[in-house]
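With mmCIF, C-alpha atoms inside, this is final.cif:
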data_structure
#
loop_
_atom_site.label_atom_id
_atom_site.label_comp_id
_atom_site.auth_asym_id
_atom_site.auth_seq_id
_atom_site.Cartn_x
_atom_site.Cartn_y
_atom_site.Cartn_z
CA MET A 419 1.25 -65.87 36.94
CA PRO A 420 0.90 -69.05 34.91
CA GLY A 421 -0.03 -68.46 31.29
CA GLY A 422 -0.03 -64.69 31.55
CA LYS A 423 1.94 -61.66 32.40
CA ALA A 424 2.35 -60.54 35.96
CA LYS A 425 0.38 -57.42 36.72
CA ARG A 426 2.48 -54.42 37.48
CA LYS A 427 1.79 -52.52 40.62
CA PRO A 428 1.30 -48.82 40.03
CA ALA A 429 4.27 -46.75 41.03
CA ALA A 430 3.91 -45.33 44.50
CA LYS A 431 3.57 -41.59 44.72
CA PRO A 432 6.68 -40.13 46.35
CA ALA A 433 6.19 -39.37 50.01
CA ASP A 434 7.53 -35.85 49.61
CA ALA A 435 4.85 -35.08 46.99
CA ASP A 436 2.15 -36.30 49.38
CA CYS A 437 3.54 -34.16 52.17
CA LYS A 438 3.73 -31.14 49.89
CA ALA A 439 0.11 -31.56 48.77
CA LEU A 440 -1.08 -31.97 52.36
CA GLY A 441 1.04 -29.00 53.42
CA ASN A 442 -0.55 -26.89 50.69
CA ALA A 443 -4.00 -27.88 51.91
CA HIS A 444 -3.16 -26.93 55.51
CA PHE A 445 -1.64 -23.65 54.33
CA ALA A 446 -4.81 -22.80 52.40
CA ARG A 447 -6.85 -23.34 55.58
CA GLY A 448 -4.52 -21.11 57.62
CA GLU A 449 -3.09 -24.07 59.57
CA TYR A 450 0.49 -22.89 59.30
CA ALA A 451 2.10 -25.06 61.99
CA GLU A 452 0.76 -28.19 60.31
CA ALA A 453 1.89 -26.95 56.89
CA ILE A 454 5.39 -26.26 58.24
CA GLU A 455 5.58 -29.76 59.70
CA LEU A 456 4.54 -31.36 56.42
CA TYR A 457 6.90 -29.23 54.31
CA SER A 458 9.70 -30.14 56.72
CA ARG A 459 8.93 -33.83 56.26
CA ALA A 460 8.87 -33.39 52.48
CA ILE A 461 12.26 -31.65 52.59
CA ALA A 462 13.71 -34.49 54.66
CA GLU A 463 12.30 -37.12 52.28
CA SER A 464 13.02 -35.33 48.99
CA ALA A 465 15.05 -37.06 46.32
CA ALA A 466 18.72 -36.17 46.24
CA GLY A 467 19.68 -34.04 43.27
CA ASP A 468 16.22 -32.62 42.60
CA ASP A 469 17.21 -29.05 43.45
CA GLU A 470 14.23 -27.53 41.67
CA ALA A 471 11.69 -29.48 43.73
CA LEU A 472 13.65 -28.84 46.91
CA ALA A 473 13.71 -25.09 46.20
CA ARG A 474 9.91 -25.13 45.89
CA LEU A 475 9.56 -26.93 49.22
CA TYR A 476 11.80 -24.39 50.96
CA SER A 477 9.76 -21.62 49.31
CA ASN A 478 6.50 -23.08 50.59
CA ARG A 479 7.87 -23.51 54.09
CA SER A 480 9.23 -19.95 54.05
CA ALA A 481 5.77 -18.68 53.06
CA ALA A 482 4.20 -20.70 55.87
CA TRP A 483 6.65 -19.26 58.42
CA LEU A 484 5.87 -15.72 57.19
CA ALA A 485 2.14 -16.33 57.36
CA ARG A 486 2.51 -17.77 60.84
CA SER A 487 4.48 -14.71 61.97
CA ALA A 488 1.73 -12.41 60.72
CA ALA A 489 -1.26 -14.46 61.89
CA PRO A 490 -2.99 -13.26 65.03
CA CYS A 491 -2.37 -15.63 67.91
CA ALA A 492 -5.47 -17.55 68.93
CA ASP A 493 -4.23 -17.68 72.49
CA ALA A 494 -3.39 -14.20 73.78
CA GLU A 495 -1.94 -15.68 76.98
CA ALA A 496 0.47 -17.85 74.98
CA ALA A 497 1.47 -14.85 72.87
CA ALA A 498 2.22 -12.83 75.99
CA ALA A 499 4.32 -15.68 77.39
CA ASP A 500 6.47 -15.82 74.23
CA PRO A 501 6.62 -12.38 72.57
CA SER A 502 9.52 -13.44 70.38
CA ALA A 503 7.57 -16.18 68.56
CA ALA A 504 6.77 -13.93 65.58
CA ALA A 505 10.40 -12.81 65.34
CA ALA A 506 11.54 -16.44 65.43
CA ALA A 507 9.08 -17.29 62.65
CA ARG A 508 10.43 -14.43 60.53
CA ARG A 509 13.99 -15.69 61.09
CA ALA A 510 12.89 -19.20 60.08
CA ALA A 511 11.29 -17.76 56.92
CA LEU A 512 14.59 -16.10 56.06
CA ASP A 513 16.51 -19.29 56.85
CA ASP A 514 14.31 -21.14 54.34
CA ALA A 515 14.38 -18.43 51.67
CA ARG A 516 18.19 -18.49 51.42
CA PRO A 517 18.53 -22.14 50.33
CA CYS A 518 15.53 -21.65 48.06
CA VAL A 519 17.59 -19.13 46.06
CA ALA A 520 20.80 -21.12 46.34
CA LEU A 521 19.15 -24.26 44.95
CA ASP A 522 17.54 -22.54 41.96
CA GLU A 523 18.90 -19.05 41.42
CA ARG A 524 17.05 -18.66 38.12
CA TRP A 525 13.61 -19.07 39.73
CA PRO A 526 12.12 -15.59 40.30
CA LYS A 527 9.78 -16.73 43.07
CA GLY A 528 12.78 -17.78 45.16
CA TRP A 529 14.13 -14.25 45.01
CA PHE A 530 10.67 -12.93 45.87
CA ARG A 531 10.59 -15.18 48.96
CA LEU A 532 14.00 -13.92 50.02
CA ALA A 533 12.99 -10.27 49.60
CA GLU A 534 9.72 -10.89 51.41
CA ALA A 535 11.52 -12.57 54.32
CA LEU A 536 14.12 -9.82 54.52
CA LEU A 537 11.45 -7.13 54.63
CA ALA A 538 9.45 -9.03 57.24
CA ALA A 539 12.53 -9.47 59.39
CA HIS A 540 13.47 -5.79 58.99
CA ARG A 541 16.79 -6.80 57.58
CA ARG A 542 16.84 -4.59 54.49
CA GLY A 543 20.15 -4.39 52.66
CA ASP A 544 21.18 -7.94 53.55
CA LEU A 545 21.10 -9.13 49.93
CA GLY A 546 24.74 -8.22 49.35
CA ALA A 547 26.31 -7.17 46.10
#
Would you give me this structure, written as structure tokens?
Amino acid sequence: MPGGKAKRKPAAKPADADCKALGNAHFARGEYAEAIELYSRAIAESAAGDDEALARLYSNRSAAWLARSAAPCADAEAAAADPSAAAAARRAALDDARPCVALDERWPKGWFRLAEALLAAHRRGDLGA
């Protein structure tokens, strides 16, 4: 700009933070499939090397999978057609809880998510030594 300083554009909010916030809103409304989709997008778009933030995203997605596995199915016919959907959701919760702990082993909530997923999946004793 002639005679003045160029105005700085405000820094764009990271896409993964937007997805996480939207995922949290969907989770709060009980819209678990939408929350899972948004957390998945946030995981894919997260900054490399930010293990703490990535652990929180895996934790949130694990919680959404667990909630989805416990939520009553709105469509009884669909539930009857796929009786293993809840078991698959519990396995997905466990699959997300493991990297949550691996990424930030000092974060207590990560261990809580892992224990919660193990109990939900009836896989007690799988924590190892």
Pick out the residues sitting within 7 Å of A:Ala482, and hand them over as a ChimeraX atom specification; count only C-alpha atoms, and ignore anything fewer than 4 positions along from it in its own chain. /A:445,450,453-454,478,486
List the neighbours of stretch 461-472 of chain A out to 8 Å using all atoms listed in the file; skip same-chain residues closer than 3 positions along the sequence, and give me the result as a compact mmCIF listing (two decimals) with C-alpha atoms, in the frame of the given file.
# COMPACT_ATOMS: atom_id res chain seq x y z
CA ALA A 433 6.19 -39.37 50.01
CA ASP A 434 7.53 -35.85 49.61
CA TYR A 457 6.90 -29.23 54.31
CA SER A 458 9.70 -30.14 56.72
CA LEU A 475 9.56 -26.93 49.22
CA TYR A 476 11.80 -24.39 50.96
CA CYS A 518 15.53 -21.65 48.06
CA LEU A 521 19.15 -24.26 44.95
CA ASP A 522 17.54 -22.54 41.96
One decimal, Å: what's the distance from atom CA of A:Gly441 over to atom CA of A:Leu456, could you say?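 According to the coordinates, atom CA of A:Gly441 and atom CA of A:Leu456 are separated by 5.2 Å.
If all atoms listed in the file are the atoms counted, then among A:Ser477, A:Glu449, A:Ser487, A:Arg524 the closest residue to A:Ser502 is A:Ser487.
What separates atom CA of A:Ala443 from atom CA of A:Glu523 is a distance of 26.7 Å.
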Between atom CA of A:Ala439 and atom CA of A:Ala539, what is the spacing in Å?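 Answer for the atom CA of A:Ala539 to atom CA of A:Ala439 separation: 27.5 Å.
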Among listed residues A:Lys438, A:Arg474, A:Arg531, A:Arg516, nearest A:Glu455 (using all atoms listed in the file):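 Using all atoms listed in the file, the shortest distance to A:Glu455 belongs to A:Lys438.
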Picked residues, the PyMOL selection byres ((chain A and resi 528) around 7), as a list in words: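 Given this file, the PyMOL selection byres ((chain A and resi 528) around 7) evaluates to Ser477, Ala515, Cys518, Val519, Trp525, Pro526, Lys527, Trp529, Phe530, Arg531 and Leu532 of chain A.
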Resolved residues for the PyMOL selection byres ((chain A and resi 508) around 7) as a VMD selection string: chain A and resid 483 to 484 487 504 to 507 509 to 512 535 538 to 539
Hey, can I get the axis-aligned box for stretch 455-460 of chain A? All listed atoms, 4 Å padding on each side, centre and edge lengths in Å to one decimal, as JSON.
{"center_x": 7.1, "center_y": -31.5, "center_z": 56.1, "size_x": 13.2, "size_y": 12.6, "size_z": 15.2}
Of the residues A:Ala446, A:Leu440, A:Ala460, A:Ala485, which is the one nearest to A:Ala473, using all atoms listed in the file?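 Going through A:Ala446, A:Leu440, A:Ala460, A:Ala485 one by one, the smallest distance to A:Ala473 is for A:Ala460.
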Between A:Ala533, A:Ala489, A:Arg459, A:Ser480, which has the minimum distance to A:Asp513 (counting all atoms listed in the file)?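 Closest candidate: A:Ser480.
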